[in-house]
Structures are given as structure tokens and as C-alpha cells.
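> Just passing along the structure, written as C-alpha cells.
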Amino acid sequence: MKPLTIVAGALMLSATAFAQNTFEGHYTRPLGDVLNDISQRFGVRLKYNVDTVGLKLQYADSRIRPYSVEESLTNVLSPFDFKFVKQDARTYKIKPYEQARRTVPDGEKLLAYLSSLYSDRASWESRRDSVRSQVRELLTIDSALAKRVGGEPVISKPRKFDGYSVRNFYLETYPGLYVCGSIYEPAGKGKKGKQHPLIICPNGHFGNGRYNEAQQQRLATLARMGAICVDYDLYGWGESALQVGSEAHQTADAHVIQAMNGISILDFMMKRKDVDPTRVGVNGGSGGGTQTVLLSLIDPRYTASCPVVSLASHFDGGCPCESGMPIQRAGGGTCNAELAAAFAPRPMCVVSDGKDWTSAVPVLEYPYLQRIYGLYDAADKVSNVHLPSEGHDFGPNKRNAVYDFFIDVFGLDRSMLDESKVTIEPFEAMYSFGPDGSLMPVNAIRFKK
């Protein structure tokens with residue numbers, strides 16, 4: 001009798017499942033089964049960053065559009081607050097809803113809408129000024145700047161290498177809160193009356209932050225070619241973690257404090273007599289590219305900008321240090337492409353690649369930027385270096401694009417472009433607070449686990 005019981009149970013379960021897929025059951029089906037059907041129907045691969053076990057979808061089959069896999073996925077996923085990200089022509093990743101990330105078609109629609117708001121230079125500048133003002137308000141940057149200590153940095157002795165030197169610094173911003181960084185300088189910079197370009201280099205989320213090998217190579221090479229370069233820790237990364245802990249980076253404070261740090265560092269660097277105020281650049285990759293756009297928007301002292309593997313109309317930056325404060329609400333809705341366009345007509349180079357969210361830059365964000373620059377008859381001042389076979393990193397080809405840009409706009413010495421001459425320092429040598437944190441000021445905030 002046991003086998004009959006099993007069969008009867010199976011029939012009952014089958015009947016229950018069938019009953020659900022009826023009018024009375026709201027045509028309910030397991031979400032996983034529906035997604036498998038979509039995968040087979042359209043011949044696509046679905047990758048999952050969500051758990052679909054136990055999830056059921058009402059009116060499941062009526063949500064599928066036989067003419068569009070993407071409309072079908074949108075309809076099927078939206079009741080669960082899931083979304084898809086297209087990774088290539090036949091692959092989609094299913095993810096939870098993200099505040100900061102949309103799709104390329106969303107970016108196309110947004111840029112078309114934004115473009116409709118300004119038909120000439122005057123209407124564009126009215127929009128630009130309004131957006132800039134609202135970004136400052138939403139970021140709360142002016143309130144943050146008003147609370148600064150306003151002290152002078154403590155700078156270490158130089159470590160001299162082939163054609164450049166490096167010094168560590170720390171700067172108090174809020175009482176007891178310090179930002180640490182490195183200053184890369186050309187050899188022989190002390191010649192009387194000689195001024196050098198300055199490039200502020202906010203960090204991205206590449207492993208090891210400002211101690212990263214590619215970061216050291218880039219800043220040292222730019223210094224060898226004649227620029228003074230400065231980078232600094234992300235809030236809650238590197239030596240900042242000694243003060244606030246690494247978890248602090250996952251808060252909206254990171255968005256505000258990193259912007260304040262960038263402004264504060266530029267403040268003290270611009271006081272130097274060997275800095276040329278007409279040649280001030282900003283350059284970073286990934287999250288550092290998002291910071292590049294933000295700093296170029298809110299600080300008028302920059303004369304050249306180069307965001308790398310970051311700029312998109314459909315992605316605001318997935319970290320709170322990029323999108324923790326609601327700056328994208330400015331002007332009734334904006335995006336990083338419009339924020340970057342506010343830099344016109346000053347020189348800008350956007351570096352993108354084919355395997356991350358910047359893959360559409362040549363056909364989406366770059367034409368938009370060219371249009372805005374064209375309002376100033378300066379379309380030649382914005383460029384795009386696109387690397388279709390590369391992914392999300394700050395590799396040699398991205399660095400070469402940066403070198404070429406700053407050689408062109410700042411007149412750097414190309415003959416000194418040789419990364420093999422760069423000495424990659426151990427992390428401990430770059431610590432502003434010393435290898436064991438013993439140089440941390442007495443009044444410094446200290447993180448307690």
C-alpha cells in the first residue's frame with residue numbers, strides 16, 4: 001500500500017499545482033519555472049544573484065511578451081523588486097533592485113529627455129547652474145565645509161626615485177578627523193619660478209586603494225613627466241579605517257567627506273607657488289571617476305578632467321561614497337553624464353571599455369557630451385578613448401590614455417613616459433601615520449572595534 005500512497009500524494013501535489021495555474025488560482029506559477037521558460041523560449045542564459053526558491057508569480061504566463069525577452073523579464077521580475085542587467089547579447093544577470101543602477105535603454109531615454117530641456121547655450125547654462133546649485137545642497141557640501149578645522153597639512157620628508165619623489169601627508173578636516181595621502185612631485189621641481197600642473201587623483205575601489213600598484217605607476221609617471229599629483233584614502237579605507245573603521249565607507253557620510261577631502265586638499269595645494277593655477281586636473285577610475293565628475297562639477301578651479309571606466313547615464317555608482325546622498329534628484333532628475341557635461345568647454349577625456357557599464361559610452365554618453373561641448377564650438381575639447389575588448393580596471397591602456405590626455409592639455413614631457421622607471425613602494429612606506437600608526441596625532445579619533 002505504501003507505493004500507492006506515494007502515487008496518490010504525487011497526484012494531489014500535481015493537482016494542487018495545476019489548480020493554481022487557473023483563473024481561480026490567478027494563473028500562479030513558481031518564479032523559477034517561469035524564468036526557465038523564458039530562458040528556453042528566447043535562447044538566453046540567465047545568471048542569478050537572487051534566490052527564487054519558494055517565490056510564486058501570479059498571472060505568470062500573461063506577463064511574457066513573445067517579441068521581447070527584456071519586456072518579459074521586466075514584467076516577471078518587477079513584483080519581486082528584482083531587475084536584470086544585460087551582460088552580453090545572450091546573457092542576463094538577475095539582481096535585486098539597485099537605487100543607482102539602471103539599463104542602457106533607460107540611459108538613452110534619460111539623455112533624450114535631458115537634451116530636450118536645452119536647445120541652445122543659454123538654456124543649457126541655466127539648467128547647468130540650477131543643477132550645480134542643487135547638487136551642492138543635496139550633497140550638503142557647504143555645511144560640511146563650514147565645519148572644517150582649516151588647518152595646514154603635516155608633510156613627510158621626500159623619498160627620491162628616478163625622476164620623481166613621494167611625500168606622505170595628513171590633514172585635519174573635522175576636529176580629530178584626518179585625511180591621509182601621497183604627493184608625487186617631479187625631480188628638480190624646486191627651480192625658482194617654475195610652475196607645474198597639478199592633478200588631484202581621487203581613488204576608486206580597486207584593491208589596496210592608493211597603495212595599488214597601478215595607482216603608484218600612474219601618479220609617479222605623471223610626476224616624471226612634470227605634474228604634481230596627489231591622491232588620498234577613501235573614507236574608511238587605508239589609514240582612514242584606523243579612525244572610523246571600514247564599515248564607515250558604507251555610509252552616506254563617505255559621499256560628503258570624500259568630496260570635502262578633495263576640496264580641502266586642492267585648497268592647500270593651490271597655495272603652493274610651484275603650482276600653475278591654469279593647469280589643474282582631476283583624474284580617477286571607477287569610484288574615483290565618479291568623484292572626478294563630482295569634484296569637477298562643484299569646484300571651479302579644475303581646468304581638465306579625465307574620468308576613467310566610470311561615466312554612464314544609467315549608473316550613478318554602486319557605493320555610498322558615490323551615491324549615498326541623493327544628488328541625482330537635482331534638477332528634477334539628472335545623471336553623471338549631465339553632471340560631467342557641466343565641465344564644458346574645458347578639456348575632458350572619458351575612458352571607457354566594453355565589459356562594464358561604460359560599454360555604451362561611444363554611442364550614448366559621448367555623443368551627448370559632444371552636443372553640449374558643441375554649444376561652445378568646442379566639440380574638439382571632449383574625447384573618448386574606448387577599449388572594447390577590455391574590462392573594469394586601470395590597466396596599461398587606460399593609463400596610456402590618461403598620459404596622452406595630460407601630455408596634450410598640460411604640455412607634459414612625453415620623453416619621460418616610462419613606467420619601468422617607477423619604484424613600487426611597500427604599503428608601509430606610504431603610511432602617513434607611520435607603519436604602526438604611531439604618528440597619529442594625539443587628538444585623532446581612533447576606531448574601537
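Ligands are numbered from 1 in the order shown, residues from 1 within each chain, and chains are lettered A, B, ... in the order they appear in the C-alpha cells.
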Please return, as JSON, numbers by chain, all residues of segment 151-385 of chain A that DSSP assigns to strand (DSSP E or B) on the basis of the backbone.

{"A": [154, 155, 159, 160, 161, 164, 165, 166, 167, 168, 169, 170, 171, 172, 178, 179, 180, 181, 182, 183, 184, 185, 186, 196, 197, 198, 199, 200, 228, 229, 230, 231, 232, 275, 276, 277, 278, 279, 280, 281, 282, 283, 284, 285, 304, 305, 306, 307, 308, 315, 348, 349, 350, 351, 352, 353, 382, 383, 384, 385]}

> Give one line per residue of segment 326-378 of chain A that approaches segment 126-129 of chain A to at most 9 Å, naming the two atoms of the closest pair and their distance in Å to one decimal, counting only C-alpha atoms; sort by chain then ascending residue number and deliver it as a tab-separated table.


residue	atom	partner	partner_atom	distance
A:Gly331	CA	A:Arg127	CA	7.5
A:Glu338	CA	A:Arg128	CA	8.4
A:Leu339	CA	A:Arg128	CA	8.1
A:Ala341	CA	A:Arg128	CA	8.5
A:Ala342	CA	A:Arg128	CA	6.0

> Compile the contact shell of segment 219-232 of chain A as a ChimeraX atom specification: residues with an atom at most 9 Å away, counting only C-alpha atoms, same-chain residues fewer than 5 positions apart removed.

/A:162-166,179-187,189,196-203,209-210,214,261-262,265-266,269,275,403,406-407,410-419,421-423

> Among segment 262-440 of chain A, which residues carry a DSSP assignment of alpha helix (DSSP H), reported as JSON, numbers by chain?

{"A": [262, 263, 264, 265, 266, 267, 268, 269, 287, 288, 289, 290, 291, 292, 293, 294, 295, 296, 297, 298, 320, 321, 322, 323, 336, 337, 338, 339, 340, 341, 365, 366, 367, 368, 369, 370, 371, 372, 373, 374, 396, 397, 398, 399, 400, 401, 402, 403, 404, 405, 406, 407, 408, 409, 410]}

> Compile the contact shell of segment 294-311 of chain A as a count of residues only: residues with an atom at most 6 Å away, counting only C-alpha atoms, same-chain residues fewer than 6 positions apart removed.

15
